[in-house]
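Working notes, structure below.
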Amino acid sequence: MTITSAIEHEGVKTSTALIKELGLEEHIEGGYFVLTDSQDQHIPSPFADEKSRPLATSIYYLLAYDRPEGKFHMNKSVTYHVLHQGRAEYTLIQPGNPPTVQKEVMGTNLAAGESRLLVVGTGIWKRSQLLEEDMARAKKGTEEKRERTNCLITEVVVPGFDWEDHNFMRREDLEELFGGEVGGEDRIREFRKWVG
């Protein structure tokens, strides 16, 4: 299956069409997904104590008007995000003293700083959401506008994804990151909505 079958020539495919055509299911993190590949070849993962993992895995991942955001989570492997359509904002938190917070927009307007490719390294907390301005326009628009407010990407995980290498952020993780930091209480209030 190629993504070109899921994108209209004249614009953004509707979320309902993408879910049906690509066989997407609700994802526990938010949004929708389907596994598209898991390599048969296995390698020892340097990020998971040399445990055997597929060489790579990939999924389609969709944020839609009805499921527009994901929760903070961390993978031990590197994840490549490749845009197919739409826009989404990613919040990345690199643990450290102090932790660093970075926001990146995946989209097609490269002149505005948007990117078609986002690489998230190992040990970084991340979450994604449809942009607030896109959601606001969709809310005021027609059902058709809401259906076309989405973001479809491919995620490639190297070495391949395994639930054992995945963590959802807990409140104590958030407090450990920002507790005692200048502005930390503001960050905790800002992010606690997306903590599992």
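FYI, nothing fancy with the structure tokens labels: chains A, B, ... in order, residues from 1 per chain, ligands from 1 as they appear.
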Residues within 12 Å of Ala56 (chain A), only C-alpha atoms, excluding chain neighbours under 6 positions, as JSON, numbers by chain = {"A": [35, 36, 37, 38, 39, 40, 41, 42, 43, 44, 45, 77, 78, 79, 80, 155, 156, 157, 158, 159, 160, 161, 162]}
message = For the alpha helix (DSSP H) assignment from backbone DSSP, which residues of chain A qualify? Please present them as a count of residues only.
response = 38
task = Could you give me, as a PyMOL selection string, the residues within 9 Å of Gly184 (chain A), counting only C-alpha atoms and dropping anything in the same chain fewer than 6 positions from it?
result = chain A and resi 175+177-178
Selected residues written out, N, CA and C atoms, as a PDB file, in the first residue's frame:
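Result went into again_39.pdb, see below:
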ATOM      1  N   GLU A 175       7.031  16.121  37.621  1.00  0.00           N
ATOM      2  CA  GLU A 175       7.526  16.865  38.787  1.00  0.00           C
ATOM      3  C   GLU A 175       9.034  16.707  38.939  1.00  0.00           C
ATOM      4  N   LEU A 177      11.117  16.320  36.469  1.00  0.00           N
ATOM      5  CA  LEU A 177      11.719  17.141  35.413  1.00  0.00           C
ATOM      6  C   LEU A 177      11.784  18.615  35.790  1.00  0.00           C
ATOM      7  N   PHE A 178      10.672  19.162  36.312  1.00  0.00           N
ATOM      8  CA  PHE A 178      10.562  20.603  36.469  1.00  0.00           C
ATOM      9  C   PHE A 178      10.497  21.092  37.909  1.00  0.00           C
TER      10      PHE A 178
END
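Closest approach to Asn75 (chain A) from the set A:Asn150, A:Ser58, A:Thr122, A:Asn97 is made by A:Thr122, with distances taken over only C-alpha atoms.
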For the interface of region 49-117 of chain A with region 13-33 of chain A (cut-off 7 Å, counting only C-alpha atoms), please tabulate each contacting residue of region 49-117 of chain A alongside its nearest pair of atoms and their separation in Å to one decimal, rows sorted by chain and increasing number, as JSON lines.
{"residue": "A:Ile59", "atom": "CA", "partner": "A:Phe33", "partner_atom": "CA", "distance": 6.4}
{"residue": "A:Tyr60", "atom": "CA", "partner": "A:Phe33", "partner_atom": "CA", "distance": 5.3}
{"residue": "A:Tyr61", "atom": "CA", "partner": "A:Phe33", "partner_atom": "CA", "distance": 4.5}
{"residue": "A:Leu62", "atom": "CA", "partner": "A:Tyr32", "partner_atom": "CA", "distance": 5.0}
{"residue": "A:Leu63", "atom": "CA", "partner": "A:Gly31", "partner_atom": "CA", "distance": 4.6}
{"residue": "A:Ala64", "atom": "CA", "partner": "A:Ser15", "partner_atom": "CA", "distance": 6.1}
{"residue": "A:Arg67", "atom": "CA", "partner": "A:Gly31", "partner_atom": "CA", "distance": 4.9}
{"residue": "A:Pro68", "atom": "CA", "partner": "A:Gly31", "partner_atom": "CA", "distance": 6.3}
{"residue": "A:Glu69", "atom": "CA", "partner": "A:Gly30", "partner_atom": "CA", "distance": 5.8}
{"residue": "A:Gly70", "atom": "CA", "partner": "A:Gly30", "partner_atom": "CA", "distance": 4.4}
{"residue": "A:Lys71", "atom": "CA", "partner": "A:Glu29", "partner_atom": "CA", "distance": 5.4}
task = Taking the DSSP assignment computed from this structure's backbone, write out as a PyMOL selection string all residues of region 44-157 of chain A that belong to strand (DSSP E).
result = chain A and resi 44+52-54+57-64+73-75+78-86+88-94+100-106+117-120+125-129+150-157
message = What's around Val105 (chain A) at 12 Å? Count only C-alpha atoms, leave out sequence neighbours fewer than 3 positions away in its own chain, and write the answer as a list in words.
response = His81, Val82, Leu83, Gly86, Arg87, Ala88, Glu89, Tyr90, Thr91, Leu92, Gln102, Thr108, Asn109, Leu110, Ala111, Ala112, Gly113, Glu114, Ser115, Arg116, Leu117, Leu118, Arg127, Ser128, Gln129, Leu130, Leu131, Glu132 and Cys151 of chain A
Store the residues picked out above, limited to N, CA and C atoms, as an mmCIF file, in the first residue's frame.
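Below you can see result_33.cif, which holds the result:
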data_model
loop_
_atom_site.group_PDB
_atom_site.id
_atom_site.type_symbol
_atom_site.label_atom_id
_atom_site.label_comp_id
_atom_site.auth_asym_id
_atom_site.auth_seq_id
_atom_site.Cartn_x
_atom_site.Cartn_y
_atom_site.Cartn_z
ATOM 1 N N HIS A 81 9.734 10.844 11.996
ATOM 2 C CA HIS A 81 8.362 11.233 11.679
ATOM 3 C C HIS A 81 8.376 11.863 10.289
ATOM 4 N N VAL A 82 7.617 11.309 9.364
ATOM 5 C CA VAL A 82 7.596 11.777 7.985
ATOM 6 C C VAL A 82 6.170 12.220 7.643
ATOM 7 N N LEU A 83 6.023 13.469 7.254
ATOM 8 C CA LEU A 83 4.712 14.059 6.994
ATOM 9 C C LEU A 83 4.133 13.604 5.658
ATOM 10 N N GLY A 86 -1.349 17.605 6.243
ATOM 11 C CA GLY A 86 -1.795 18.306 7.436
ATOM 12 C C GLY A 86 -0.660 18.963 8.203
ATOM 13 N N ARG A 87 -0.986 19.377 9.445
ATOM 14 C CA ARG A 87 -0.011 20.019 10.331
ATOM 15 C C ARG A 87 -0.212 19.509 11.750
ATOM 16 N N ALA A 88 0.879 19.420 12.488
ATOM 17 C CA ALA A 88 0.818 19.065 13.909
ATOM 18 C C ALA A 88 1.991 19.708 14.629
ATOM 19 N N GLU A 89 1.766 20.045 15.883
ATOM 20 C CA GLU A 89 2.821 20.593 16.726
ATOM 21 C C GLU A 89 3.322 19.505 17.664
ATOM 22 N N TYR A 90 4.630 19.356 17.712
ATOM 23 C CA TYR A 90 5.273 18.398 18.615
ATOM 24 C C TYR A 90 5.950 19.165 19.741
ATOM 25 N N THR A 91 5.724 18.713 20.959
ATOM 26 C CA THR A 91 6.431 19.229 22.123
ATOM 27 C C THR A 91 7.420 18.162 22.559
ATOM 28 N N LEU A 92 8.697 18.550 22.625
ATOM 29 C CA LEU A 92 9.776 17.636 22.979
ATOM 30 C C LEU A 92 10.439 18.141 24.250
ATOM 31 N N GLN A 102 11.250 22.015 23.559
ATOM 32 C CA GLN A 102 11.311 22.455 22.165
ATOM 33 C C GLN A 102 9.970 22.164 21.518
ATOM 34 N N THR A 108 3.870 21.783 5.708
ATOM 35 C CA THR A 108 4.468 21.991 4.383
ATOM 36 C C THR A 108 5.011 23.403 4.167
ATOM 37 N N ASN A 109 4.783 24.312 5.115
ATOM 38 C CA ASN A 109 5.247 25.685 4.961
ATOM 39 C C ASN A 109 6.666 25.801 5.511
ATOM 40 N N LEU A 110 7.633 25.376 4.706
ATOM 41 C CA LEU A 110 9.023 25.361 5.142
ATOM 42 C C LEU A 110 9.537 26.776 5.414
ATOM 43 N N ALA A 111 9.044 27.760 4.680
ATOM 44 C CA ALA A 111 9.466 29.148 4.883
ATOM 45 C C ALA A 111 9.069 29.663 6.264
ATOM 46 N N ALA A 112 8.009 29.092 6.846
ATOM 47 C CA ALA A 112 7.552 29.492 8.181
ATOM 48 C C ALA A 112 8.185 28.638 9.273
ATOM 49 N N GLY A 113 9.131 27.775 8.888
ATOM 50 C CA GLY A 113 9.811 26.956 9.881
ATOM 51 C C GLY A 113 9.196 25.586 10.106
ATOM 52 N N GLU A 114 8.148 25.259 9.349
ATOM 53 C CA GLU A 114 7.565 23.935 9.455
ATOM 54 C C GLU A 114 8.498 22.919 8.799
ATOM 55 N N SER A 115 8.311 21.661 9.155
ATOM 56 C CA SER A 115 9.206 20.618 8.654
ATOM 57 C C SER A 115 8.405 19.405 8.204
ATOM 58 N N ARG A 116 8.895 18.765 7.151
ATOM 59 C CA ARG A 116 8.282 17.517 6.683
ATOM 60 C C ARG A 116 8.893 16.294 7.359
ATOM 61 N N LEU A 117 10.012 16.490 8.066
ATOM 62 C CA LEU A 117 10.703 15.396 8.741
ATOM 63 C C LEU A 117 11.107 15.850 10.139
ATOM 64 N N LEU A 118 10.804 15.022 11.123
ATOM 65 C CA LEU A 118 11.191 15.284 12.505
ATOM 66 C C LEU A 118 11.838 14.022 13.049
ATOM 67 N N ARG A 127 5.122 14.620 22.648
ATOM 68 C CA ARG A 127 3.683 14.550 22.424
ATOM 69 C C ARG A 127 3.371 15.388 21.208
ATOM 70 N N SER A 128 2.207 15.133 20.607
ATOM 71 C CA SER A 128 1.814 15.905 19.423
ATOM 72 C C SER A 128 0.363 16.310 19.547
ATOM 73 N N GLN A 129 0.020 17.368 18.793
ATOM 74 C CA GLN A 129 -1.368 17.835 18.754
ATOM 75 C C GLN A 129 -1.593 18.608 17.470
ATOM 76 N N LEU A 130 -2.848 18.627 17.032
ATOM 77 C CA LEU A 130 -3.209 19.521 15.947
ATOM 78 C C LEU A 130 -3.069 20.953 16.467
ATOM 79 N N LEU A 131 -2.698 21.869 15.607
ATOM 80 C CA LEU A 131 -2.453 23.245 16.039
ATOM 81 C C LEU A 131 -3.748 23.909 16.495
ATOM 82 N N GLU A 132 -3.635 24.725 17.538
ATOM 83 C CA GLU A 132 -4.812 25.382 18.106
ATOM 84 C C GLU A 132 -5.552 26.213 17.072
ATOM 85 N N CYS A 151 -3.685 15.424 10.603
ATOM 86 C CA CYS A 151 -2.273 15.309 10.252
ATOM 87 C C CYS A 151 -1.931 13.826 10.170
#
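Taking only C-alpha atoms into account, Pro98 (chain A) lies nearest to A:Glu181 out of the set A:Glu181, A:Asp134, A:Glu164, A:Glu190.
Straight-line separation from CA of Trp125 (chain A) to CA of His73 (chain A): 5.3 Å.
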inquiry  = What's the separation between CA of Phe168 (chain A) and CA of Gly196 (chain A), in Å to one decimal place?
reply    = 6.2 Å
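Atom pair CA of Asn167 (chain A) / CA of Phe47 (chain A): separated by 13.6 Å.
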Write out as a short mmCIF file (atom, residue, chain, number, x, y, z; two decimals) with N, CA and C atoms, in the first residue's frame the residues lying within 10 Å of Lys145 (chain A), counting only C-alpha atoms and excluding same-chain residues fewer than 6 positions away.
data_model
loop_
_atom_site.label_atom_id
_atom_site.label_comp_id
_atom_site.auth_asym_id
_atom_site.auth_seq_id
_atom_site.Cartn_x
_atom_site.Cartn_y
_atom_site.Cartn_z
N THR A 14 -10.03 13.34 3.90
CA THR A 14 -10.76 13.40 5.17
C THR A 14 -10.25 12.34 6.14
N TYR A 65 -9.65 15.63 14.03
CA TYR A 65 -10.44 16.59 14.82
C TYR A 65 -11.02 15.94 16.07
N ASP A 134 -5.69 25.76 13.85
CA ASP A 134 -6.38 24.88 12.92
C ASP A 134 -7.65 24.32 13.55
N MET A 135 -7.56 23.96 14.84
CA MET A 135 -8.75 23.45 15.55
C MET A 135 -9.81 24.54 15.68
N ARG A 137 -10.32 27.14 13.66
CA ARG A 137 -10.97 27.34 12.35
C ARG A 137 -11.95 26.19 12.05
N ALA A 138 -11.54 24.97 12.38
CA ALA A 138 -12.40 23.82 12.12
C ALA A 138 -13.67 23.88 12.96
N LYS A 139 -13.53 24.32 14.19
CA LYS A 139 -14.69 24.40 15.09
C LYS A 139 -15.73 25.37 14.55
#
